[in-house]
file start-v1.txt (compact mmCIF, C-alpha atoms and all ligand atoms)
# COMPACT_ATOMS: atom_id res chain seq x y z
CA MET A 1 -61.12 -3.20 14.76
CA LYS A 2 -60.98 -0.58 17.50
CA THR A 3 -63.68 1.55 19.03
CA SER A 4 -63.34 5.32 19.23
CA LEU A 5 -62.05 7.04 22.35
CA ARG A 6 -65.17 9.18 22.45
CA SER A 7 -67.39 6.09 22.68
CA ASP A 8 -65.77 5.21 25.98
CA VAL A 9 -68.59 6.62 28.13
CA ASP A 10 -69.75 5.36 31.53
CA PRO A 11 -72.59 2.83 31.70
CA PHE A 12 -75.72 3.61 33.71
CA LEU A 13 -75.37 1.62 36.96
CA VAL A 14 -79.10 2.01 37.44
CA MET A 15 -79.50 -0.41 34.51
CA ASP A 16 -77.54 -3.06 36.46
CA ILE A 17 -79.89 -2.54 39.40
CA MET A 18 -82.89 -2.83 37.10
CA GLN A 19 -81.47 -6.07 35.72
CA GLU A 20 -80.99 -7.51 39.21
CA ALA A 21 -84.49 -6.37 40.15
CA ALA A 22 -85.92 -8.11 37.05
CA LEU A 23 -84.06 -11.29 38.01
CA LEU A 24 -85.57 -11.21 41.50
CA GLU A 25 -89.02 -10.65 39.99
CA ARG A 26 -88.55 -13.67 37.73
CA GLN A 27 -87.82 -15.66 40.89
CA GLY A 28 -91.20 -14.57 42.24
CA ARG A 29 -89.95 -11.80 44.59
CA SER A 30 -91.87 -8.57 44.91
CA VAL A 31 -89.78 -5.52 43.95
CA ILE A 32 -90.67 -1.88 44.55
CA HIS A 33 -89.13 0.20 41.81
CA MET A 34 -87.68 3.39 43.20
CA GLU A 35 -84.67 3.26 40.88
CA VAL A 36 -86.20 4.38 37.59
CA GLY A 37 -87.00 7.99 36.86
CA GLN A 38 -90.27 7.66 35.06
CA PRO A 39 -93.96 8.13 35.84
CA SER A 40 -95.85 4.90 36.44
CA SER A 41 -98.83 6.03 34.32
CA GLY A 42 -98.92 6.09 30.53
CA ALA A 43 -100.53 8.19 27.80
CA PRO A 44 -104.17 9.23 28.30
CA LYS A 45 -106.61 6.80 26.65
CA GLU A 46 -108.47 9.52 24.78
CA ALA A 47 -105.28 10.70 23.04
CA LEU A 48 -104.26 7.11 22.24
CA GLN A 49 -107.65 6.49 20.62
CA GLN A 50 -107.24 9.60 18.48
CA LEU A 51 -103.81 8.43 17.40
CA TYR A 52 -105.17 5.02 16.51
CA ASP A 53 -107.99 6.56 14.43
CA ARG A 54 -105.53 8.81 12.63
CA SER A 55 -103.17 5.93 11.88
CA LEU A 56 -105.99 4.18 9.97
CA VAL A 57 -106.31 7.05 7.48
CA ASP A 58 -102.81 8.56 7.46
CA THR A 59 -99.58 6.83 6.38
CA LEU A 60 -97.68 8.72 9.08
CA GLY A 61 -94.63 9.10 6.88
CA TYR A 62 -91.80 11.51 7.67
CA SER A 63 -92.85 14.87 9.05
CA VAL A 64 -90.84 18.03 8.46
CA ALA A 65 -87.59 17.99 10.44
CA LEU A 66 -88.55 20.76 12.86
CA GLY A 67 -91.75 18.96 13.82
CA ILE A 68 -95.40 19.34 12.86
CA PRO A 69 -96.38 23.03 12.94
CA GLN A 70 -99.54 22.58 15.06
CA LEU A 71 -97.48 20.91 17.80
CA ARG A 72 -94.89 23.69 17.69
CA GLU A 73 -97.71 26.21 18.10
CA LYS A 74 -99.22 24.32 21.03
CA ILE A 75 -95.84 24.15 22.77
CA ALA A 76 -95.31 27.89 22.26
CA ALA A 77 -98.72 28.36 23.93
CA ILE A 78 -97.48 26.47 27.03
CA TYR A 79 -94.99 29.31 27.58
CA LYS A 80 -97.79 31.88 27.51
CA LYS A 81 -99.80 29.91 30.04
CA ARG A 82 -97.00 28.86 32.40
CA TYR A 83 -94.63 31.85 32.31
CA LYS A 84 -96.57 34.59 30.48
CA LEU A 85 -93.94 34.53 27.73
CA ARG A 86 -94.66 35.07 24.06
CA ILE A 87 -92.62 32.56 22.09
CA ASP A 88 -92.68 32.52 18.30
CA PRO A 89 -93.52 28.88 17.32
CA GLN A 90 -90.70 29.15 14.77
CA ARG A 91 -88.31 28.97 17.70
CA VAL A 92 -89.69 25.63 18.89
CA ILE A 93 -87.96 22.53 17.51
CA ILE A 94 -89.48 19.12 18.20
CA THR A 95 -87.04 16.33 19.07
CA SER A 96 -86.98 12.63 19.99
CA GLY A 97 -87.09 13.24 23.71
CA SER A 98 -84.91 15.86 25.31
CA SER A 99 -82.01 13.44 24.72
CA ALA A 100 -82.02 14.25 21.00
CA ALA A 101 -82.33 17.95 21.85
CA PHE A 102 -79.03 17.74 23.76
CA ILE A 103 -77.31 16.21 20.73
CA LEU A 104 -78.69 18.96 18.47
CA VAL A 105 -77.83 21.79 20.84
CA PHE A 106 -74.33 20.57 21.75
CA THR A 107 -73.56 20.03 18.05
CA ALA A 108 -75.03 23.36 16.95
CA PHE A 109 -73.43 25.62 19.54
CA PHE A 110 -70.02 24.11 20.31
CA ASP A 111 -66.90 23.03 18.48
CA VAL A 112 -64.73 19.99 19.18
CA GLY A 113 -62.79 20.53 22.42
CA ASP A 114 -65.10 23.24 23.78
CA LYS A 115 -65.85 23.01 27.48
CA ILE A 116 -69.32 23.13 29.04
CA LEU A 117 -69.79 23.78 32.76
CA ILE A 118 -72.10 21.33 34.57
CA GLY A 119 -72.66 20.59 38.23
CA GLU A 120 -72.19 17.26 40.00
CA PRO A 121 -74.32 15.54 41.17
CA GLY A 122 -76.26 15.75 37.91
CA TYR A 123 -77.97 13.80 35.16
CA PRO A 124 -75.24 11.44 33.89
CA SER A 125 -76.00 11.72 30.16
CA TYR A 126 -74.92 15.36 30.03
CA LYS A 127 -71.27 14.48 30.44
CA ASN A 128 -71.54 11.30 28.40
CA ILE A 129 -73.23 12.97 25.41
CA LEU A 130 -70.65 15.76 25.57
CA LYS A 131 -67.83 13.25 25.61
CA SER A 132 -69.26 11.29 22.67
CA LEU A 133 -69.31 14.55 20.68
CA ASN A 134 -65.67 15.31 21.55
CA LEU A 135 -66.71 18.13 23.86
CA LYS A 136 -65.42 18.51 27.40
CA PRO A 137 -67.63 18.57 30.47
CA GLU A 138 -66.19 20.91 33.11
CA LEU A 139 -67.53 19.16 36.21
CA HIS A 140 -68.02 21.34 39.26
CA SER A 141 -68.75 19.61 42.58
CA THR A 142 -71.73 21.50 43.97
CA THR A 143 -72.39 21.62 47.70
CA LEU A 144 -75.21 20.96 50.11
CA LYS A 145 -74.99 24.65 51.09
CA ASP A 146 -75.74 25.64 47.48
CA ARG A 147 -78.48 23.01 47.36
CA PHE A 148 -76.42 21.12 44.80
CA GLN A 149 -76.76 23.83 42.15
CA LEU A 150 -73.97 25.74 40.40
CA ASN A 151 -73.11 28.99 42.17
CA LEU A 152 -71.82 32.32 40.86
CA GLU A 153 -68.27 31.48 41.88
CA SER A 154 -68.25 28.40 39.66
CA VAL A 155 -69.38 30.46 36.67
CA LEU A 156 -66.94 33.29 37.40
CA HIS A 157 -63.99 30.88 37.50
CA SER A 158 -65.14 28.76 34.60
CA GLU A 159 -63.20 28.51 31.35
CA SER A 160 -66.15 26.98 29.52
CA SER A 161 -67.94 28.26 26.42
CA GLY A 162 -71.27 27.09 27.78
CA ILE A 163 -73.13 26.27 30.97
CA LEU A 164 -75.92 23.78 31.53
CA VAL A 165 -78.29 23.88 34.51
CA ALA A 166 -81.32 21.78 35.43
CA SER A 167 -83.97 23.18 37.75
CA PRO A 168 -85.55 21.19 39.33
CA ALA A 169 -82.62 18.82 38.98
CA ASN A 170 -82.04 15.11 38.74
CA PRO A 171 -81.02 13.49 41.19
CA THR A 172 -81.91 16.03 43.91
CA GLY A 173 -85.27 17.51 42.88
CA LEU A 174 -83.83 20.87 43.97
CA ALA A 175 -84.52 24.06 42.02
CA LEU A 176 -82.64 27.32 41.61
CA ARG A 177 -84.32 30.23 43.37
CA ARG A 178 -85.50 33.00 41.03
CA ASN A 179 -82.71 35.42 42.10
CA GLU A 180 -80.02 32.70 41.86
CA PHE A 181 -81.20 31.77 38.38
CA LYS A 182 -81.13 35.41 37.26
CA SER A 183 -77.61 35.99 38.62
CA LEU A 184 -76.27 32.82 37.01
CA ILE A 185 -77.64 33.85 33.61
CA GLU A 186 -76.36 37.41 33.93
CA CYS A 187 -72.91 36.20 34.91
CA ALA A 188 -72.83 33.64 32.07
CA ASN A 189 -73.92 36.35 29.62
CA LYS A 190 -71.14 38.67 30.77
CA LYS A 191 -68.69 35.85 30.11
CA LYS A 192 -70.35 35.13 26.73
CA MET A 193 -71.15 31.58 27.77
CA THR A 194 -74.04 29.89 25.95
CA PHE A 195 -76.72 29.24 28.59
CA ILE A 196 -78.61 25.94 28.35
CA SER A 197 -81.49 25.27 30.70
CA ASP A 198 -82.87 21.75 31.11
CA GLU A 199 -86.48 22.29 32.20
CA ILE A 200 -87.67 18.71 31.79
CA TYR A 201 -89.17 18.63 35.31
CA HIS A 202 -91.24 21.79 34.90
CA GLY A 203 -94.85 21.25 35.87
CA LEU A 204 -93.73 18.96 38.70
CA ASN A 205 -93.16 21.70 41.26
CA PHE A 206 -94.23 21.41 44.91
CA ASN A 207 -93.41 24.94 46.06
CA GLY A 208 -95.13 27.27 43.62
CA SER A 209 -94.27 28.13 40.06
CA ASP A 210 -91.35 27.06 37.93
CA VAL A 211 -88.82 29.58 36.70
CA CYS A 212 -87.96 29.49 32.99
CA ALA A 213 -84.57 30.75 31.78
CA LEU A 214 -86.34 32.70 29.03
CA GLU A 215 -87.87 34.96 31.70
CA PHE A 216 -84.39 36.45 32.16
CA ASP A 217 -82.76 35.98 28.80
CA ASP A 218 -84.50 35.60 25.46
CA ASN A 219 -81.30 34.06 24.07
CA ALA A 220 -81.16 31.18 26.55
CA ILE A 221 -81.51 27.70 25.05
CA VAL A 222 -84.37 25.87 26.77
CA ILE A 223 -84.82 22.11 26.60
CA ASN A 224 -87.94 20.27 27.69
CA SER A 225 -89.77 16.99 27.14
CA PHE A 226 -93.03 15.09 27.20
CA SER A 227 -91.36 12.35 29.30
CA LYS A 228 -92.04 13.58 32.83
CA TYR A 229 -95.01 15.93 33.44
CA PHE A 230 -96.94 14.53 30.47
CA SER A 231 -95.93 10.90 31.22
CA LEU A 232 -95.12 10.08 27.55
CA THR A 233 -91.69 8.66 28.45
CA GLY A 234 -91.38 5.82 25.95
CA TRP A 235 -92.84 7.84 23.08
CA ARG A 236 -89.61 9.81 22.93
CA LEU A 237 -90.86 13.33 22.42
CA GLY A 238 -89.21 16.55 23.52
CA TRP A 239 -88.39 20.04 22.31
CA VAL A 240 -85.87 22.83 22.36
CA ILE A 241 -86.37 26.58 22.09
CA VAL A 242 -83.62 28.60 20.42
CA PRO A 243 -83.39 32.23 19.29
CA SER A 244 -85.04 32.39 15.82
CA SER A 245 -81.74 33.20 14.08
CA PHE A 246 -80.51 29.69 14.99
CA THR A 247 -83.58 27.69 13.92
CA ARG A 248 -82.18 27.06 10.44
CA THR A 249 -78.87 25.74 11.84
CA LEU A 250 -80.70 23.24 14.04
CA GLU A 251 -83.09 22.37 11.22
CA LYS A 252 -80.21 21.37 8.92
CA LEU A 253 -78.67 19.25 11.66
CA ALA A 254 -82.03 17.68 12.55
CA GLN A 255 -82.71 16.81 8.89
CA ASN A 256 -79.40 14.98 8.65
CA LEU A 257 -79.17 13.42 12.10
CA PHE A 258 -82.77 12.33 12.63
CA ILE A 259 -84.87 13.22 9.50
CA CYS A 260 -87.69 13.91 11.95
CA PRO A 261 -88.98 12.84 15.37
CA SER A 262 -91.50 9.98 15.34
CA HIS A 263 -94.58 11.24 13.50
CA ALA A 264 -96.91 9.08 15.64
CA SER A 265 -95.40 10.45 18.86
CA GLN A 266 -95.76 14.02 17.64
CA LEU A 267 -99.45 13.43 16.91
CA LEU A 268 -99.92 11.85 20.32
CA GLY A 269 -98.25 14.87 21.94
CA LEU A 270 -100.56 17.16 19.98
CA PHE A 271 -103.67 15.19 20.99
CA VAL A 272 -102.56 15.30 24.63
CA LEU A 273 -102.09 19.08 24.49
CA ASN A 274 -105.45 19.50 22.72
CA SER A 275 -107.26 17.33 25.27
CA SER A 276 -108.73 18.36 28.58
CA VAL A 277 -106.53 15.87 30.46
CA ASN A 278 -104.91 17.50 33.46
CA PHE A 279 -101.72 16.05 34.90
CA ASP A 280 -101.64 18.15 38.07
CA HIS A 281 -103.04 15.35 40.23
CA LYS A 282 -99.68 13.58 39.72
CA VAL A 283 -97.97 16.51 41.40
CA GLU A 284 -100.14 15.97 44.48
CA GLN A 285 -99.24 12.27 44.50
CA TYR A 286 -95.50 12.98 44.19
CA LYS A 287 -95.72 15.63 46.91
CA SER A 288 -97.31 13.26 49.39
CA ASN A 289 -94.68 10.63 48.48
CA ARG A 290 -91.98 13.21 49.10
CA ASP A 291 -93.43 14.23 52.45
CA LEU A 292 -93.61 10.66 53.69
CA LEU A 293 -90.03 9.93 52.58
CA MET A 294 -88.78 13.14 54.20
CA ARG A 295 -90.40 12.15 57.50
CA THR A 296 -89.16 8.57 57.52
CA LEU A 297 -85.79 8.21 55.73
CA PRO A 298 -83.75 10.22 58.29
CA LYS A 299 -84.94 7.81 61.01
CA ILE A 300 -83.50 4.84 59.14
CA GLY A 301 -79.97 5.97 58.44
CA PHE A 302 -80.37 8.13 55.30
CA LYS A 303 -78.87 11.54 56.03
CA ASP A 304 -78.39 15.06 54.60
CA ILE A 305 -81.59 14.98 52.60
CA LEU A 306 -82.71 18.36 51.30
CA GLU A 307 -86.42 18.58 50.68
CA PRO A 308 -87.00 18.35 46.91
CA ASP A 309 -88.72 21.36 45.31
CA GLY A 310 -90.00 19.29 42.42
CA ALA A 311 -89.45 16.35 40.04
CA PHE A 312 -89.72 12.97 41.79
CA TYR A 313 -86.26 12.41 43.22
CA LEU A 314 -84.57 12.67 46.54
CA TYR A 315 -80.83 12.38 47.16
CA ALA A 316 -79.41 11.03 50.42
CA ASP A 317 -76.06 10.51 52.08
CA VAL A 318 -75.42 6.91 53.11
CA SER A 319 -71.99 7.24 54.78
CA ALA A 320 -73.60 6.15 58.08
CA PHE A 321 -73.92 2.62 56.66
CA LYS A 322 -70.11 2.49 56.23
CA LYS A 323 -70.49 0.78 52.86
CA ASP A 324 -69.95 1.72 49.25
CA SER A 325 -73.28 2.91 47.79
CA LEU A 326 -73.34 0.26 45.03
CA VAL A 327 -72.73 -2.54 47.55
CA LEU A 328 -75.38 -1.05 49.85
CA VAL A 329 -77.97 -0.66 47.11
CA LYS A 330 -77.47 -4.28 46.00
CA GLN A 331 -77.77 -5.49 49.58
CA ILE A 332 -80.97 -3.48 50.12
CA LEU A 333 -82.41 -4.86 46.88
CA ARG A 334 -81.61 -8.47 47.76
CA GLN A 335 -82.78 -8.21 51.37
CA THR A 336 -85.86 -5.99 51.01
CA GLY A 337 -86.86 -5.94 47.34
CA VAL A 338 -86.58 -2.12 47.30
CA ALA A 339 -84.65 -0.91 44.25
CA ILE A 340 -82.85 2.47 44.48
CA THR A 341 -79.94 3.99 42.52
CA PRO A 342 -76.32 4.33 43.72
CA GLY A 343 -74.89 7.84 43.56
CA TYR A 344 -72.11 6.82 41.14
CA ASP A 345 -74.42 7.55 38.21
CA PHE A 346 -74.69 11.20 39.25
CA ASP A 347 -71.40 12.08 40.88
CA THR A 348 -68.07 10.70 39.71
CA LYS A 349 -66.20 11.85 42.84
CA ARG A 350 -68.70 11.47 45.70
CA GLY A 351 -71.25 8.98 44.39
CA HIS A 352 -69.85 6.17 46.54
CA LYS A 353 -71.59 7.68 49.55
CA THR A 354 -74.96 8.74 48.13
CA VAL A 355 -78.13 7.17 46.73
CA ARG A 356 -81.16 8.43 44.82
CA PHE A 357 -84.75 7.51 45.53
CA SER A 358 -87.26 8.01 42.72
CA PHE A 359 -90.76 8.49 44.12
CA ALA A 360 -92.75 8.46 40.89
CA CYS A 361 -94.43 5.25 42.11
CA SER A 362 -97.77 5.00 43.92
CA HIS A 363 -98.16 6.19 47.51
CA ALA A 364 -98.92 2.60 48.59
CA ASP A 365 -95.58 1.51 47.11
CA VAL A 366 -93.73 4.23 49.03
CA GLU A 367 -95.44 3.11 52.27
CA ASP A 368 -94.55 -0.52 51.56
CA ALA A 369 -90.93 0.37 50.70
CA LEU A 370 -90.52 2.37 53.91
CA ASN A 371 -91.94 -0.45 56.03
CA ARG A 372 -89.51 -2.89 54.45
CA LEU A 373 -86.57 -0.50 54.90
CA THR A 374 -87.51 0.18 58.54
CA ASP A 375 -87.53 -3.57 59.32
CA TRP A 376 -84.30 -4.07 57.41
CA TYR A 377 -82.61 -1.17 59.25
CA GLN A 378 -83.38 -2.74 62.63
CA THR A 379 -81.68 -6.01 61.69
CA TYR A 380 -78.88 -4.08 59.96
CA GLN A 381 -78.16 -2.18 63.18
CA VAL A 382 -78.16 -5.38 65.23
CA SER A 383 -75.85 -7.22 62.81
CA SER A 384 -73.38 -4.31 62.59
CA VAL A 385 -72.98 -3.96 66.40
C1 LIG B 1 -82.56 15.98 33.99
C2 LIG B 1 -82.92 15.12 32.81
N1 LIG B 1 -82.75 15.62 31.58
C3 LIG B 1 -83.05 14.87 30.49
C4 LIG B 1 -83.53 13.58 30.60
C5 LIG B 1 -83.82 12.77 29.35
O1 LIG B 1 -85.19 12.62 29.15
P1 LIG B 1 -85.93 12.34 27.78
O2 LIG B 1 -84.91 12.06 26.74
O3 LIG B 1 -86.83 11.20 28.06
O4 LIG B 1 -86.70 13.60 27.46
C6 LIG B 1 -83.72 13.02 31.87
C7 LIG B 1 -84.21 11.64 32.04
O5 LIG B 1 -84.42 11.13 33.10
C8 LIG B 1 -83.40 13.83 33.00
O6 LIG B 1 -83.55 13.36 34.26
call {"tool": "encode", "arguments": {"input": "start-v1.txt", "output": "structure tokens"}}
result
Amino acid sequence: MKTSLRSDVDPFLVMDIMQEAALLERQGRSVIHMEVGQPSSGAPKEALQQLYDRSLVDTLGYSVALGIPQLREKIAAIYKKRYKLRIDPQRVIITSGSSAAFILVFTAFFDVGDKILIGEPGYPSYKNILKSLNLKPELHSTTLKDRFQLNLESVLHSESSGILVASPANPTGLALRRNEFKSLIECANKKKMTFISDEIYHGLNFNGSDVCALEFDDNAIVINSFSKYFSLTGWRLGWVIVPSSFTRTLEKLAQNLFICPSHASQLLGLFVLNSSVNFDHKVEQYKSNRDLLMRTLPKIGFKDILEPDGAFYLYADVSAFKKDSLVLVKQILRQTGVAITPGYDFDTKRGHKTVRFSFACSHADVEDALNRLTDWYQTYQVSSV
């Protein structure tokens, strides 16, 4: 029996690092996890209690494919509050994390062989999901000068039917400026490219307000999730907003591909949005983590770091260590117990000389990690003389 060509996608190297980290922990070593991109806190207790109470009186069978209406309404209300946009709840489709939203959107808007423009470095699943659907990622190597975001030139020269941007982005935490965002959308529209905006890190912004693609174009496809700002990572809950004329197309696909997102997770999401829990204190924590990393990492060999605008990632050049990033990351893990991610996951061409730090951990963990890395760097310098 053979496997399909389209299933031949790249593995996540970060998983290998996580495995090695787990092995070290089993041996009694202390590991600081700066490799995984998820908040360290979980769902608010009050919402969990409400879910538990509901589960005692409700069978929690399938919901409708588009998601429970009250949750769709609450999500539409987020757009009013955050961006002053009126979104018809009929345009909001609930999904199993943003990951399922990508499958729905790519399937709904593109045909086999279609190309979609994405920037590298970027979130690795974009290209891998596209490939598994027999679509073609058009990978554009973005530059430090463009703050690792797609520029107008890349859109102008693109042969793709669609474009996907993330702002703030994984692995850099860098966001498109309002005018850049507007120009990209206008240019994509002129070229009749479907514009997809991954806004999963909205809410985690250190420099003011987030910019939503719908502020410039009501036809943009916007994807978001409960995994990051709302810390519901493992509950697998996300959403996508499409123009109302496409809701039915996505509904039919969602019915067949997924039946519905987890009913329990949808209720939890609803209880979280109905509650008075505020997640903004996490933004403060991530910002102080970012500031400390920005002050210290350049002193210990990590270069070309642009200050993240949001999310909880920072991307650094490690060419100064004269080592492949995967080899370096494994060495750092073994010698210091600090786990970070090699750039290979995010950039097929240049990932050998970059790494990503995730700073979703506690401030004390960041301090500890930096102390360990500082000590390690001193011995590293001595041994490489
Ligand atoms: C940029 C980006 N988009 C999408 C996802 C997928 O998130 P989820 O499926 O948990 O919503 C991630 C996960 O880290 C991400 O970094």
call {"tool": "residues_around", "arguments": {"input": "start-v1.txt", "residues": "Lys330 in chain A", "least_positions_apart": "5", "cutoff": "12 Å", "atoms": "only C-alpha atoms", "output": "ChimeraX atom specification"}}
result
/A:13-14,16-21,24,35,323-325,335-342,355
call {"tool": "residues_near_ligand", "arguments": {"input": "start-v1.txt", "ligand": "ligand LIG 1 (chain B)", "cutoff": "10 Å", "atoms": "only C-alpha atoms and all ligand atoms", "output": "ChimeraX atom specification"}}
result
/A:36-38,95-102,122-126,165-173,197-201,223-228,231-239,311-313
call {"tool": "atom_distance", "arguments": {"input": "start-v1.txt", "atom1": "CA of Gln266 in chain A", "atom2": "CA of Leu71 in chain A"}}
result
7.1 Å
call {"tool": "atom_distance", "arguments": {"input": "start-v1.txt", "atom1": "CA of Val277 in chain A", "atom2": "CA of His263 in chain A"}}
result
21.3 Å
call {"tool": "atom_distance", "arguments": {"input": "start-v1.txt", "atom1": "CA of Asp58 in chain A", "atom2": "CA of Glu73 in chain A"}}
result
21.2 Å
call {"tool": "closest_residue", "arguments": {"input": "start-v1.txt", "among": "A:Ile300, A:Gln90, A:Phe106, A:Asp347", "to": "Gln381 in chain A", "atoms": "all atoms listed in the file"}}
result
A:Ile300
call {"tool": "residues_around", "arguments": {"input": "start-v1.txt", "residues": "Ala47 in chain A", "least_positions_apart": "5", "cutoff": "12 Å", "atoms": "all atoms listed in the file", "output": "VMD selection string"}}
result
chain A and resid 42 52 to 54 230 232 264 to 277
call {"tool": "write_last_selection", "arguments": {"input": "start-v1.txt", "atoms": "C-alpha atoms", "output": "PDB file, in the frame of the given file"}}
result
ATOM      1  CA  GLY A  42     -98.920   6.090  30.530  1.00  0.00           C
ATOM      2  CA  TYR A  52    -105.170   5.020  16.510  1.00  0.00           C
ATOM      3  CA  ASP A  53    -107.990   6.560  14.430  1.00  0.00           C
ATOM      4  CA  ARG A  54    -105.530   8.810  12.630  1.00  0.00           C
ATOM      5  CA  PHE A 230     -96.940  14.530  30.470  1.00  0.00           C
ATOM      6  CA  LEU A 232     -95.120  10.080  27.550  1.00  0.00           C
ATOM      7  CA  ALA A 264     -96.910   9.080  15.640  1.00  0.00           C
ATOM      8  CA  SER A 265     -95.400  10.450  18.860  1.00  0.00           C
ATOM      9  CA  GLN A 266     -95.760  14.020  17.640  1.00  0.00           C
ATOM     10  CA  LEU A 267     -99.450  13.430  16.910  1.00  0.00           C
ATOM     11  CA  LEU A 268     -99.920  11.850  20.320  1.00  0.00           C
ATOM     12  CA  GLY A 269     -98.250  14.870  21.940  1.00  0.00           C
ATOM     13  CA  LEU A 270    -100.560  17.160  19.980  1.00  0.00           C
ATOM     14  CA  PHE A 271    -103.670  15.190  20.990  1.00  0.00           C
ATOM     15  CA  VAL A 272    -102.560  15.300  24.630  1.00  0.00           C
ATOM     16  CA  LEU A 273    -102.090  19.080  24.490  1.00  0.00           C
ATOM     17  CA  ASN A 274    -105.450  19.500  22.720  1.00  0.00           C
ATOM     18  CA  SER A 275    -107.260  17.330  25.270  1.00  0.00           C
ATOM     19  CA  SER A 276    -108.730  18.360  28.580  1.00  0.00           C
ATOM     20  CA  VAL A 277    -106.530  15.870  30.460  1.00  0.00           C
TER      21      VAL A 277
END
call {"tool": "residues_around", "arguments": {"input": "start-v1.txt", "residues": "Leu314 in chain A", "least_positions_apart": "2", "cutoff": "8 Å", "atoms": "all atoms listed in the file", "output": "PyMOL selection string"}}
result
chain A and resi 171-173+290+305-308+312+316+356-359
call {"tool": "closest_residue", "arguments": {"input": "start-v1.txt", "among": "A:Leu164, A:Ile94, A:Ala108, A:Leu51", "to": "Ile68 in chain A", "atoms": "all atoms listed in the file"}}
result
A:Ile94
call {"tool": "build_atoms", "arguments": {"input": "start-v1.txt", "residues": "range 331-345 of chain A", "atoms": "N, CA and C atoms", "output": "mmCIF file, in the coordinates of the input"}}
result
data_model
loop_
_atom_site.group_PDB
_atom_site.id
_atom_site.type_symbol
_atom_site.label_atom_id
_atom_site.label_comp_id
_atom_site.auth_asym_id
_atom_site.auth_seq_id
_atom_site.Cartn_x
_atom_site.Cartn_y
_atom_site.Cartn_z
ATOM 1 N N GLN A 331 -77.361 -4.785 48.360
ATOM 2 C CA GLN A 331 -77.770 -5.490 49.580
ATOM 3 C C GLN A 331 -79.237 -5.168 49.907
ATOM 4 N N ILE A 332 -79.580 -3.879 49.829
ATOM 5 C CA ILE A 332 -80.970 -3.480 50.120
ATOM 6 C C ILE A 332 -81.918 -4.180 49.148
ATOM 7 N N LEU A 333 -81.544 -4.226 47.882
ATOM 8 C CA LEU A 333 -82.410 -4.860 46.880
ATOM 9 C C LEU A 333 -82.619 -6.340 47.208
ATOM 10 N N ARG A 334 -81.504 -7.027 47.485
ATOM 11 C CA ARG A 334 -81.610 -8.470 47.760
ATOM 12 C C ARG A 334 -82.409 -8.744 49.028
ATOM 13 N N GLN A 335 -82.170 -7.902 50.068
ATOM 14 C CA GLN A 335 -82.780 -8.210 51.370
ATOM 15 C C GLN A 335 -84.189 -7.653 51.553
ATOM 16 N N THR A 336 -84.525 -6.590 50.794
ATOM 17 C CA THR A 336 -85.860 -5.990 51.010
ATOM 18 C C THR A 336 -86.719 -5.953 49.750
ATOM 19 N N GLY A 337 -86.092 -6.077 48.588
ATOM 20 C CA GLY A 337 -86.860 -5.940 47.340
ATOM 21 C C GLY A 337 -87.130 -4.471 46.997
ATOM 22 N N VAL A 338 -86.427 -3.543 47.660
ATOM 23 C CA VAL A 338 -86.580 -2.120 47.300
ATOM 24 C C VAL A 338 -85.395 -1.732 46.411
ATOM 25 N N ALA A 339 -85.714 -1.264 45.201
ATOM 26 C CA ALA A 339 -84.650 -0.910 44.250
ATOM 27 C C ALA A 339 -84.446 0.609 44.256
ATOM 28 N N ILE A 340 -83.200 1.042 44.549
ATOM 29 C CA ILE A 340 -82.850 2.470 44.480
ATOM 30 C C ILE A 340 -81.541 2.581 43.684
ATOM 31 N N THR A 341 -81.100 3.796 43.413
ATOM 32 C CA THR A 341 -79.940 3.990 42.520
ATOM 33 C C THR A 341 -78.712 4.458 43.291
ATOM 34 N N PRO A 342 -77.540 3.848 43.047
ATOM 35 C CA PRO A 342 -76.320 4.330 43.720
ATOM 36 C C PRO A 342 -75.877 5.669 43.129
ATOM 37 N N GLY A 343 -75.266 6.495 43.974
ATOM 38 C CA GLY A 343 -74.890 7.840 43.560
ATOM 39 C C GLY A 343 -73.850 7.916 42.441
ATOM 40 N N TYR A 344 -73.149 6.812 42.178
ATOM 41 C CA TYR A 344 -72.110 6.820 41.140
ATOM 42 C C TYR A 344 -72.619 7.381 39.818
ATOM 43 N N ASP A 345 -73.882 7.087 39.491
ATOM 44 C CA ASP A 345 -74.420 7.550 38.210
ATOM 45 C C ASP A 345 -74.421 9.080 38.119
#
